[in-house]
file protein.pdb (PDB, C-alpha atoms)
ATOM      1  CA  MET K   1       6.133  -0.650 -30.399
ATOM      2  CA  ARG K   2       4.181   1.988 -28.449
ATOM      3  CA  LEU K   3       3.388   2.482 -24.791
ATOM      4  CA  GLU K   4       0.103   0.801 -23.872
ATOM      5  CA  GLU K   5      -1.471   0.668 -20.412
ATOM      6  CA  THR K   6      -2.561  -2.966 -20.714
ATOM      7  CA  GLU K   7       0.895  -4.072 -21.851
ATOM      8  CA  ILE K   8       2.661  -2.254 -19.011
ATOM      9  CA  ARG K   9       0.335  -3.801 -16.434
ATOM     10  CA  ARG K  10       0.977  -7.231 -17.923
ATOM     11  CA  TYR K  11       4.669  -6.945 -17.031
ATOM     12  CA  LEU K  12       4.248  -5.373 -13.585
ATOM     13  CA  CYS K  13       5.195  -7.449 -10.550
ATOM     14  CA  GLY K  14       4.561  -4.944  -7.736
ATOM     15  CA  GLY K  15       2.064  -2.280  -6.741
ATOM     16  CA  PHE K  16       3.632   0.806  -8.293
ATOM     17  CA  GLY K  17       1.940   1.585 -11.592
ATOM     18  CA  ARG K  18      -1.272  -0.321 -10.902
ATOM     19  CA  ALA K  19      -2.892   3.124 -11.055
ATOM     20  CA  LEU K  20      -1.548   4.161 -14.432
ATOM     21  CA  THR K  21      -2.479   6.452 -17.309
ATOM     22  CA  VAL K  22      -0.740   6.760 -20.688
ATOM     23  CA  TYR K  23      -1.465  10.030 -22.495
ATOM     24  CA  GLU K  24      -0.839  10.670 -26.173
ATOM     25  CA  SER K  25       0.758  14.012 -25.340
ATOM     26  CA  LEU K  26       1.156  16.240 -22.295
ATOM     27  CA  PRO K  27       2.966  19.480 -21.616
ATOM     28  CA  SER K  28       4.746  17.710 -18.722
ATOM     29  CA  THR K  29       4.119  14.384 -16.971
ATOM     30  CA  ASN K  30       5.465  15.947 -13.753
ATOM     31  CA  ASP K  31       2.913  18.746 -13.862
ATOM     32  CA  THR K  32       0.042  16.328 -14.476
ATOM     33  CA  ALA K  33       1.258  14.077 -11.648
ATOM     34  CA  LYS K  34       1.408  17.068  -9.280
ATOM     35  CA  LEU K  35      -2.237  17.884  -9.988
ATOM     36  CA  LEU K  36      -3.187  14.261  -9.307
ATOM     37  CA  ALA K  37      -1.171  14.237  -6.076
ATOM     38  CA  GLN K  38      -2.844  17.452  -4.898
ATOM     39  CA  ASN K  39      -6.185  15.723  -5.444
ATOM     40  CA  GLY K  40      -5.247  12.702  -3.325
ATOM     41  CA  ALA K  41      -3.746  10.241  -5.815
ATOM     42  CA  SER K  42      -2.117   7.325  -4.029
ATOM     43  CA  GLN K  43       1.568   6.552  -3.782
ATOM     44  CA  GLY K  44       2.785   4.624  -6.805
ATOM     45  CA  THR K  45       0.382   6.283  -9.227
ATOM     46  CA  ALA K  46       2.142   6.636 -12.575
ATOM     47  CA  VAL K  47       1.683   9.113 -15.412
ATOM     48  CA  LEU K  48       3.174   8.509 -18.858
ATOM     49  CA  ALA K  49       3.043  10.365 -22.152
ATOM     50  CA  ARG K  50       4.080   9.285 -25.627
ATOM     51  CA  GLY K  51       5.344  12.838 -26.099
ATOM     52  CA  GLN K  52       5.747  16.079 -24.140
ATOM     53  CA  THR K  53       5.465  19.621 -25.418
ATOM     54  CA  ALA K  54       7.075  21.257 -22.358
ATOM     55  CA  GLY K  55       9.186  18.532 -20.751
ATOM     56  CA  LYS K  56      11.085  19.773 -17.704
ATOM     57  CA  GLY K  57      14.752  19.335 -16.823
ATOM     58  CA  ARG K  58      16.809  20.624 -13.912
ATOM     59  CA  GLN K  59      17.757  24.284 -13.494
ATOM     60  CA  GLY K  60      14.701  25.359 -15.526
ATOM     61  CA  ARG K  61      15.872  23.648 -18.723
ATOM     62  CA  ARG K  62      13.570  22.045 -21.272
ATOM     63  CA  PHE K  63      13.755  18.279 -21.595
ATOM     64  CA  PHE K  64      13.758  17.206 -25.261
ATOM     65  CA  SER K  65      10.831  14.790 -25.489
ATOM     66  CA  PRO K  66       9.375  14.293 -28.984
ATOM     67  CA  ALA K  67       6.567  11.819 -29.626
ATOM     68  CA  ASP K  68       7.438   8.120 -29.408
ATOM     69  CA  ALA K  69      11.167   8.849 -29.014
ATOM     70  CA  GLY K  70      11.406   8.381 -25.267
ATOM     71  CA  LEU K  71       9.975   6.865 -22.128
ATOM     72  CA  TYR K  72       8.438   9.803 -20.237
ATOM     73  CA  LEU K  73       7.296   8.577 -16.834
ATOM     74  CA  THR K  74       6.402  10.275 -13.545
ATOM     75  CA  VAL K  75       5.614   8.454 -10.296
ATOM     76  CA  ILE K  76       3.814   9.948  -7.290
ATOM     77  CA  LEU K  77       5.390   9.255  -3.895
ATOM     78  CA  ARG K  78       4.527  10.367  -0.371
ATOM     79  CA  PRO K  79       7.886  10.318   1.402
ATOM     80  CA  THR K  80       9.022  11.355   4.849
ATOM     81  CA  ALA K  81      11.576  14.172   5.100
ATOM     82  CA  PRO K  82      14.577  11.777   5.410
ATOM     83  CA  GLN K  83      13.319   9.778   2.398
ATOM     84  CA  LEU K  84      12.828  12.897   0.265
ATOM     85  CA  GLN K  85      16.518  13.723  -0.091
ATOM     86  CA  LEU K  86      17.253  10.206  -1.358
ATOM     87  CA  LEU K  87      14.557   9.985  -4.045
ATOM     88  CA  THR K  88      16.525  11.176  -7.068
ATOM     89  CA  ALA K  89      19.439   8.854  -6.304
ATOM     90  CA  ALA K  90      17.027   5.965  -5.707
ATOM     91  CA  ALA K  91      15.310   6.628  -9.047
ATOM     92  CA  ALA K  92      18.689   6.713 -10.805
ATOM     93  CA  VAL K  93      19.567   3.265  -9.483
ATOM     94  CA  ALA K  94      16.093   1.929 -10.317
ATOM     95  CA  ALA K  95      16.288   3.189 -13.907
ATOM     96  CA  SER K  96      19.841   1.851 -14.254
ATOM     97  CA  ARG K  97      18.772  -1.613 -13.128
ATOM     98  CA  ALA K  98      15.776  -1.570 -15.455
ATOM     99  CA  VAL K  99      17.839  -0.551 -18.504
ATOM    100  CA  GLU K 100      20.371  -3.258 -17.724
ATOM    101  CA  GLU K 101      17.720  -5.913 -17.093
ATOM    102  CA  VAL K 102      15.556  -5.203 -20.146
ATOM    103  CA  CYS K 103      17.996  -3.709 -22.650
ATOM    104  CA  GLY K 104      21.335  -5.199 -21.629
ATOM    105  CA  LEU K 105      23.223  -1.906 -21.231
ATOM    106  CA  GLU K 106      25.349  -1.319 -18.137
ATOM    107  CA  VAL K 107      24.905   2.398 -17.507
ATOM    108  CA  GLN K 108      26.645   4.874 -15.224
ATOM    109  CA  ILE K 109      25.187   7.636 -13.058
ATOM    110  CA  LYS K 110      26.360  11.234 -13.179
ATOM    111  CA  TRP K 111      25.494  12.868  -9.859
ATOM    112  CA  VAL K 112      22.826  13.542  -9.163
ATOM    113  CA  ASN K 113      20.231  12.752 -11.790
ATOM    114  CA  ASP K 114      21.562  11.585 -15.174
ATOM    115  CA  LEU K 115      22.269   8.149 -16.615
ATOM    116  CA  TYR K 116      25.190   7.938 -19.022
ATOM    117  CA  TYR K 117      26.342   5.299 -21.469
ATOM    118  CA  LYS K 118      29.807   5.577 -23.018
ATOM    119  CA  GLY K 119      30.039   9.208 -21.972
ATOM    120  CA  LYS K 120      26.676  10.276 -23.397
ATOM    121  CA  LYS K 121      23.431  11.103 -21.617
ATOM    122  CA  LEU K 122      20.764   8.417 -21.901
ATOM    123  CA  CYS K 123      18.308   9.424 -19.187
ATOM    124  CA  GLY K 124      17.406  12.400 -17.029
ATOM    125  CA  ILE K 125      15.529  12.478 -13.721
ATOM    126  CA  LEU K 126      13.668  15.372 -12.093
ATOM    127  CA  THR K 127      12.181  15.190  -8.582
ATOM    128  CA  GLU K 128       9.761  17.887  -7.452
ATOM    129  CA  SER K 129       8.010  18.092  -4.089
ATOM    130  CA  ALA K 130       5.403  20.009  -2.104
ATOM    131  CA  PHE K 131       5.167  20.556   1.637
ATOM    132  CA  GLY K 132       2.346  20.800   4.149
ATOM    133  CA  PRO K 133       1.735  23.658   6.619
ATOM    134  CA  ASP K 134       3.975  21.965   9.212
ATOM    135  CA  GLY K 135       6.877  21.790   6.758
ATOM    136  CA  SER K 136       6.725  18.039   6.244
ATOM    137  CA  PRO K 137       6.553  16.634   2.694
ATOM    138  CA  ASP K 138       3.049  16.338   1.288
ATOM    139  CA  TYR K 139       4.112  14.541  -1.884
ATOM    140  CA  ALA K 140       6.921  14.155  -4.378
ATOM    141  CA  VAL K 141       6.816  13.421  -8.076
ATOM    142  CA  VAL K 142       9.757  11.660  -9.692
ATOM    143  CA  GLY K 143      10.040  12.177 -13.437
ATOM    144  CA  ILE K 144      12.197   9.788 -15.465
ATOM    145  CA  GLY K 145      12.954  10.360 -19.150
ATOM    146  CA  ILE K 146      14.825   7.644 -21.057
ATOM    147  CA  ASN K 147      15.827   8.196 -24.688
ATOM    148  CA  LEU K 148      14.441   5.318 -26.741
ATOM    149  CA  SER K 149      15.485   6.674 -30.156
ATOM    150  CA  ASP K 150      17.413   9.790 -31.153
ATOM    151  CA  SER K 151      14.592  11.251 -33.303
ATOM    152  CA  GLY K 152      16.902  14.047 -34.420
ATOM    153  CA  PHE K 153      18.517  15.441 -31.282
ATOM    154  CA  PRO K 154      18.754  19.249 -31.441
ATOM    155  CA  PRO K 155      22.202  20.771 -32.120
ATOM    156  CA  GLU K 156      22.927  21.421 -28.441
ATOM    157  CA  LEU K 157      22.527  17.697 -27.683
ATOM    158  CA  ALA K 158      24.207  16.260 -30.792
ATOM    159  CA  GLY K 159      27.167  14.167 -29.735
ATOM    160  CA  LYS K 160      26.264  14.582 -26.055
ATOM    161  CA  ALA K 161      23.107  12.479 -25.843
ATOM    162  CA  THR K 162      22.370   8.942 -26.942
ATOM    163  CA  SER K 163      19.428   6.545 -27.096
ATOM    164  CA  LEU K 164      18.787   2.849 -26.631
ATOM    165  CA  LYS K 165      18.221   2.437 -30.373
ATOM    166  CA  GLN K 166      21.430   4.308 -31.182
ATOM    167  CA  GLU K 167      23.337   1.925 -28.913
ATOM    168  CA  GLY K 168      21.796  -1.154 -30.540
ATOM    169  CA  ALA K 169      19.619  -1.884 -27.513
ATOM    170  CA  ALA K 170      16.106  -1.072 -28.696
ATOM    171  CA  CYS K 171      13.576  -2.805 -26.441
ATOM    172  CA  ASP K 172       9.890  -3.014 -25.575
ATOM    173  CA  PRO K 173       9.070   0.295 -23.803
ATOM    174  CA  ASN K 174       6.183  -1.367 -21.952
ATOM    175  CA  ARG K 175       8.459  -3.948 -20.386
ATOM    176  CA  LEU K 176      11.041  -1.250 -19.613
ATOM    177  CA  THR K 177       8.395   0.915 -17.912
ATOM    178  CA  ALA K 178       7.273  -2.001 -15.748
ATOM    179  CA  ALA K 179      10.881  -2.770 -14.795
ATOM    180  CA  VAL K 180      11.500   0.860 -13.766
ATOM    181  CA  LEU K 181       8.352   0.885 -11.626
ATOM    182  CA  ASP K 182       9.142  -2.462  -9.982
ATOM    183  CA  GLN K 183      12.751  -1.494  -9.259
ATOM    184  CA  LEU K 184      11.708   1.891  -7.865
ATOM    185  CA  GLU K 185       9.159   0.264  -5.565
ATOM    186  CA  ARG K 186      11.745  -2.249  -4.350
ATOM    187  CA  ILE K 187      14.345   0.419  -3.563
ATOM    188  CA  TYR K 188      11.793   2.830  -2.073
ATOM    189  CA  SER K 189      10.600   0.183   0.381
ATOM    190  CA  GLN K 190      14.188  -0.183   1.616
ATOM    191  CA  LEU K 191      15.208   3.495   1.689
ATOM    192  CA  PRO K 192      15.937   3.695   5.446
ATOM    193  CA  ALA K 193      18.649   1.016   5.092
ATOM    194  CA  LYS K 194      20.284   3.013   2.252
ATOM    195  CA  GLU K 195      21.680  -0.180   0.733
ATOM    196  CA  PHE K 196      21.075   1.149  -2.778
ATOM    197  CA  LEU K 197      23.760   3.811  -2.217
ATOM    198  CA  ARG K 198      26.455   1.151  -2.645
ATOM    199  CA  GLU K 199      25.255   0.605  -6.185
ATOM    200  CA  TYR K 200      24.844   4.331  -6.745
ATOM    201  CA  ARG K 201      28.499   4.855  -5.833
ATOM    202  CA  LYS K 202      29.637   1.888  -7.916
ATOM    203  CA  ARG K 203      27.844   3.256 -10.982
ATOM    204  CA  SER K 204      29.137   6.806 -10.497
ATOM    205  CA  CYS K 205      31.046   8.292 -13.423
ATOM    206  CA  VAL K 206      32.281  11.315 -11.447
ATOM    207  CA  LEU K 207      33.985   9.871  -8.375
ATOM    208  CA  GLY K 208      37.744  10.358  -8.444
ATOM    209  CA  LYS K 209      37.509  12.873 -11.315
ATOM    210  CA  GLN K 210      37.997  16.592 -11.657
ATOM    211  CA  VAL K 211      34.663  18.357 -12.097
ATOM    212  CA  THR K 212      33.314  21.846 -12.520
ATOM    213  CA  VAL K 213      30.766  22.635  -9.802
ATOM    214  CA  LEU K 214      27.870  25.022 -10.454
ATOM    215  CA  GLU K 215      26.050  26.375  -7.393
ATOM    216  CA  GLY K 216      23.813  29.269  -8.381
ATOM    217  CA  ARG K 217      26.112  31.799 -10.031
ATOM    218  CA  GLU K 218      29.218  30.285  -8.489
ATOM    219  CA  ARG K 219      31.452  28.027 -10.548
ATOM    220  CA  TYR K 220      34.644  26.304  -9.411
ATOM    221  CA  GLN K 221      36.904  23.328 -10.054
ATOM    222  CA  ALA K 222      37.024  20.437  -7.578
ATOM    223  CA  LEU K 223      37.771  16.743  -7.162
ATOM    224  CA  ALA K 224      34.749  14.463  -6.656
ATOM    225  CA  VAL K 225      35.746  12.536  -3.531
ATOM    226  CA  GLU K 226      32.755  10.508  -2.358
ATOM    227  CA  ILE K 227      28.976  10.221  -2.146
ATOM    228  CA  ASP K 228      27.804  10.303   1.457
ATOM    229  CA  ASP K 229      24.858   8.567   3.114
ATOM    230  CA  GLN K 230      22.517  11.442   2.204
ATOM    231  CA  ALA K 231      23.430  11.004  -1.496
ATOM    232  CA  GLN K 232      25.368  14.274  -1.362
ATOM    233  CA  LEU K 233      28.496  14.608  -3.483
ATOM    234  CA  VAL K 234      31.561  15.435  -1.410
ATOM    235  CA  VAL K 235      34.086  17.495  -3.378
ATOM    236  CA  ARG K 236      37.549  18.810  -2.545
ATOM    237  CA  THR K 237      38.323  22.269  -3.894
ATOM    238  CA  LEU K 238      41.677  23.352  -5.296
ATOM    239  CA  GLN K 239      42.300  24.986  -1.911
ATOM    240  CA  GLY K 240      41.909  21.617  -0.186
ATOM    241  CA  GLN K 241      38.531  22.288   1.427
ATOM    242  CA  GLU K 242      35.916  19.543   1.394
ATOM    243  CA  GLN K 243      32.208  20.236   1.141
ATOM    244  CA  ALA K 244      29.070  18.191   0.579
ATOM    245  CA  LEU K 245      26.804  19.261  -2.257
ATOM    246  CA  CYS K 246      23.100  18.708  -1.759
ATOM    247  CA  ALA K 247      22.101  20.866  -4.746
ATOM    248  CA  GLY K 248      23.675  22.406  -7.805
ATOM    249  CA  GLU K 249      25.262  20.338 -10.529
ATOM    250  CA  VAL K 250      28.619  19.123 -11.726
ATOM    251  CA  HIS K 251      30.127  18.797 -15.194
ATOM    252  CA  LEU K 252      32.895  16.600 -16.476
ATOM    253  CA  GLU K 253      35.192  17.862 -19.202
ATOM    254  CA  GLY K 254      33.339  17.829 -22.529
ATOM    255  CA  ASP K 255      30.031  17.421 -20.715
ATOM    256  CA  TRP K 256      28.558  20.915 -21.275
ATOM    257  CA  HIS K 257      25.130  21.263 -22.811
TER     258      HIS K 257
END
call {"tool": "encode", "arguments": {"input": "protein.pdb", "output": "structure tokens"}}
result
Amino acid sequence: MRLEETEIRRYLCGGFGRALTVYESLPSTNDTAKLLAQNGASQGTAVLARGQTAGKGRQGRRFFSPADAGLYLTVILRPTAPQLQLLTAAAAVAASRAVEEVCGLEVQIKWVNDLYYKGKKLCGILTESAFGPDGSPDYAVVGIGINLSDSGFPPELAGKATSLKQEGAACDPNRLTAAVLDQLERIYSQLPAKEFLREYRKRSCVLGKQVTVLEGRERYQALAVEIDDQAQLVVRTLQGQEQALCAGEVHLEGDWH
């Protein structure tokens, strides 16, 4: 079953995704969404592609996104500054709920932007933003990539990534897309209350575990202590110092890729 605009709209309950385009192939759904946002596209506009030739991950990595093997979705948002720092965490909870609702898999979240199932990466999220002359956010684009089938993961991902099909949970990608959009709209409308952070913490697969923290060129071992109300990961170093991470990334043992 392939992504089809009419089918996605048929499952939608809210307003996000009513302005929607499915492309056969794009270099990057995030890049296309940014161009639309710069030209005035409304909040909730969604861009999808059946495949990407230059999918983007965090830290400048490529996101493996072959044709018809994944759900490659980007949503345009126009957040305030306080909302902006919560978007990636909100998208992670929205995608988790959608996968559970449509596909029946209870997934975990690895701070800040990955969904994991049984220790393997199922979904990645990338939020990018632009700012106006006064320094306030102009727009943000939230890219969500969910592995539908393995389609021959490259060697660096073999054994570290998984897909819905691989886990016996293949589902209609149109219904899954609609569920992601509806859940994201629901959480986004309630961002100031930060209620979704309870679920984010509950789904965390790093809290209480030893992690390796990467901040720029710095790397160190720490204990993941908590996730604060700004969705920052609080870690305790081997020297006993606590600090809140708002950027960078963390790795669990055996998690390198």
call {"tool": "residues_near_point", "arguments": {"input": "protein.pdb", "point": "(16.5, 7.5, 2.2)", "cutoff": "10 Å", "atoms": "all atoms listed in the file", "output": "list in words"}}
result
Pro79, Thr80, Ala81, Pro82, Gln83, Leu84, Gln85, Leu86, Leu87, Thr88, Ala89, Ala90, Ile187, Tyr188, Ser189, Gln190, Leu191, Pro192, Ala193, Lys194, Glu195, Phe196, Leu197, Asp229, Gln230 and Ala231 of chain K
call {"tool": "write_last_selection", "arguments": {"input": "protein.pdb", "atoms": "C-alpha atoms", "output": "CSV table (one decimal), in the frame of the given file"}}
result
chain,number,residue,atom,x,y,z
K,79,PRO,CA,7.9,10.3,1.4
K,80,THR,CA,9.0,11.4,4.8
K,81,ALA,CA,11.6,14.2,5.1
K,82,PRO,CA,14.6,11.8,5.4
K,83,GLN,CA,13.3,9.8,2.4
K,84,LEU,CA,12.8,12.9,0.3
K,85,GLN,CA,16.5,13.7,-0.1
K,86,LEU,CA,17.3,10.2,-1.4
K,87,LEU,CA,14.6,10.0,-4.0
K,88,THR,CA,16.5,11.2,-7.1
K,89,ALA,CA,19.4,8.9,-6.3
K,90,ALA,CA,17.0,6.0,-5.7
K,187,ILE,CA,14.3,0.4,-3.6
K,188,TYR,CA,11.8,2.8,-2.1
K,189,SER,CA,10.6,0.2,0.4
K,190,GLN,CA,14.2,-0.2,1.6
K,191,LEU,CA,15.2,3.5,1.7
K,192,PRO,CA,15.9,3.7,5.4
K,193,ALA,CA,18.6,1.0,5.1
K,194,LYS,CA,20.3,3.0,2.3
K,195,GLU,CA,21.7,-0.2,0.7
K,196,PHE,CA,21.1,1.1,-2.8
K,197,LEU,CA,23.8,3.8,-2.2
K,229,ASP,CA,24.9,8.6,3.1
K,230,GLN,CA,22.5,11.4,2.2
K,231,ALA,CA,23.4,11.0,-1.5
call {"tool": "residues_around", "arguments": {"input": "protein.pdb", "residues": "Ile109 in chain K", "least_positions_apart": "2", "cutoff": "6 Å", "atoms": "all atoms listed in the file", "output": "mmCIF file with C-alpha atoms, keeping the file's coordinate frame"}}
result
data_model
loop_
_atom_site.group_PDB
_atom_site.id
_atom_site.type_symbol
_atom_site.label_atom_id
_atom_site.label_comp_id
_atom_site.auth_asym_id
_atom_site.auth_seq_id
_atom_site.Cartn_x
_atom_site.Cartn_y
_atom_site.Cartn_z
ATOM 1 C CA ASP K 114 21.562 11.585 -15.174
ATOM 2 C CA LEU K 115 22.269 8.149 -16.615
ATOM 3 C CA TYR K 116 25.190 7.938 -19.022
ATOM 4 C CA ARG K 203 27.844 3.256 -10.982
ATOM 5 C CA SER K 204 29.137 6.806 -10.497
ATOM 6 C CA CYS K 205 31.046 8.292 -13.423
#
call {"tool": "resolve_selection", "arguments": {"input": "protein.pdb", "expression": "the PyMOL selection byres ((chain K and resi 222) around 10)", "output": "list in words"}}
result
Lys209, Gln210, Val211, Thr212, Val213, Arg219, Tyr220, Gln221, Leu223, Ala224, Val225, Val234, Val235, Arg236, Thr237, Leu238, Gln239, Gly240, Gln241, Glu242, Gln243 and Val250 of chain K
call {"tool": "closest_residue", "arguments": {"input": "protein.pdb", "among": "K:Val142, K:Val99, K:Glu5, K:Ser129", "to": "Ser28 in chain K", "atoms": "all atoms listed in the file"}}
result
K:Val142
call {"tool": "closest_residue", "arguments": {"input": "protein.pdb", "among": "K:Leu71, K:Leu126, K:Leu233, K:Val206", "to": "Ser163 in chain K", "atoms": "all atoms listed in the file"}}
result
K:Leu71
call {"tool": "closest_residue", "arguments": {"input": "protein.pdb", "among": "K:Pro173, K:Pro133, K:Gly44, K:Gly248", "to": "Ala69 in chain K", "atoms": "all atoms listed in the file"}}
result
K:Pro173
call {"tool": "closest_residue", "arguments": {"input": "protein.pdb", "among": "K:Ala37, K:Leu181, K:Val102, K:Leu73", "to": "Phe131 in chain K", "atoms": "only C-alpha atoms"}}
result
K:Ala37
call {"tool": "resolve_selection", "arguments": {"input": "protein.pdb", "expression": "the PyMOL selection byres ((chain K and resi 121) around 10)", "output": "list in words"}}
result
Val107, Gln108, Ile109, Lys110, Asp114, Leu115, Tyr116, Tyr117, Lys118, Gly119, Lys120, Leu122, Cys123, Gly124, Ile146, Asn147, Leu157, Gly159, Lys160, Ala161, Thr162, Ser163 and Asp255 of chain K
call {"tool": "residues_around", "arguments": {"input": "protein.pdb", "residues": "Leu20 in chain K", "least_positions_apart": "2", "cutoff": "10 Å", "atoms": "only C-alpha atoms", "output": "PyMOL selection string"}}
result
chain K and resi 5-6+8-9+16-18+22-23+44-48+75
call {"tool": "resolve_selection", "arguments": {"input": "protein.pdb", "expression": "the PyMOL selection byres ((chain K and resi 172) around 12)", "output": "VMD selection string"}}
result
chain K and resid 1 to 4 7 to 8 11 70 to 71 98 to 99 101 to 103 148 164 to 165 169 to 171 173 to 179
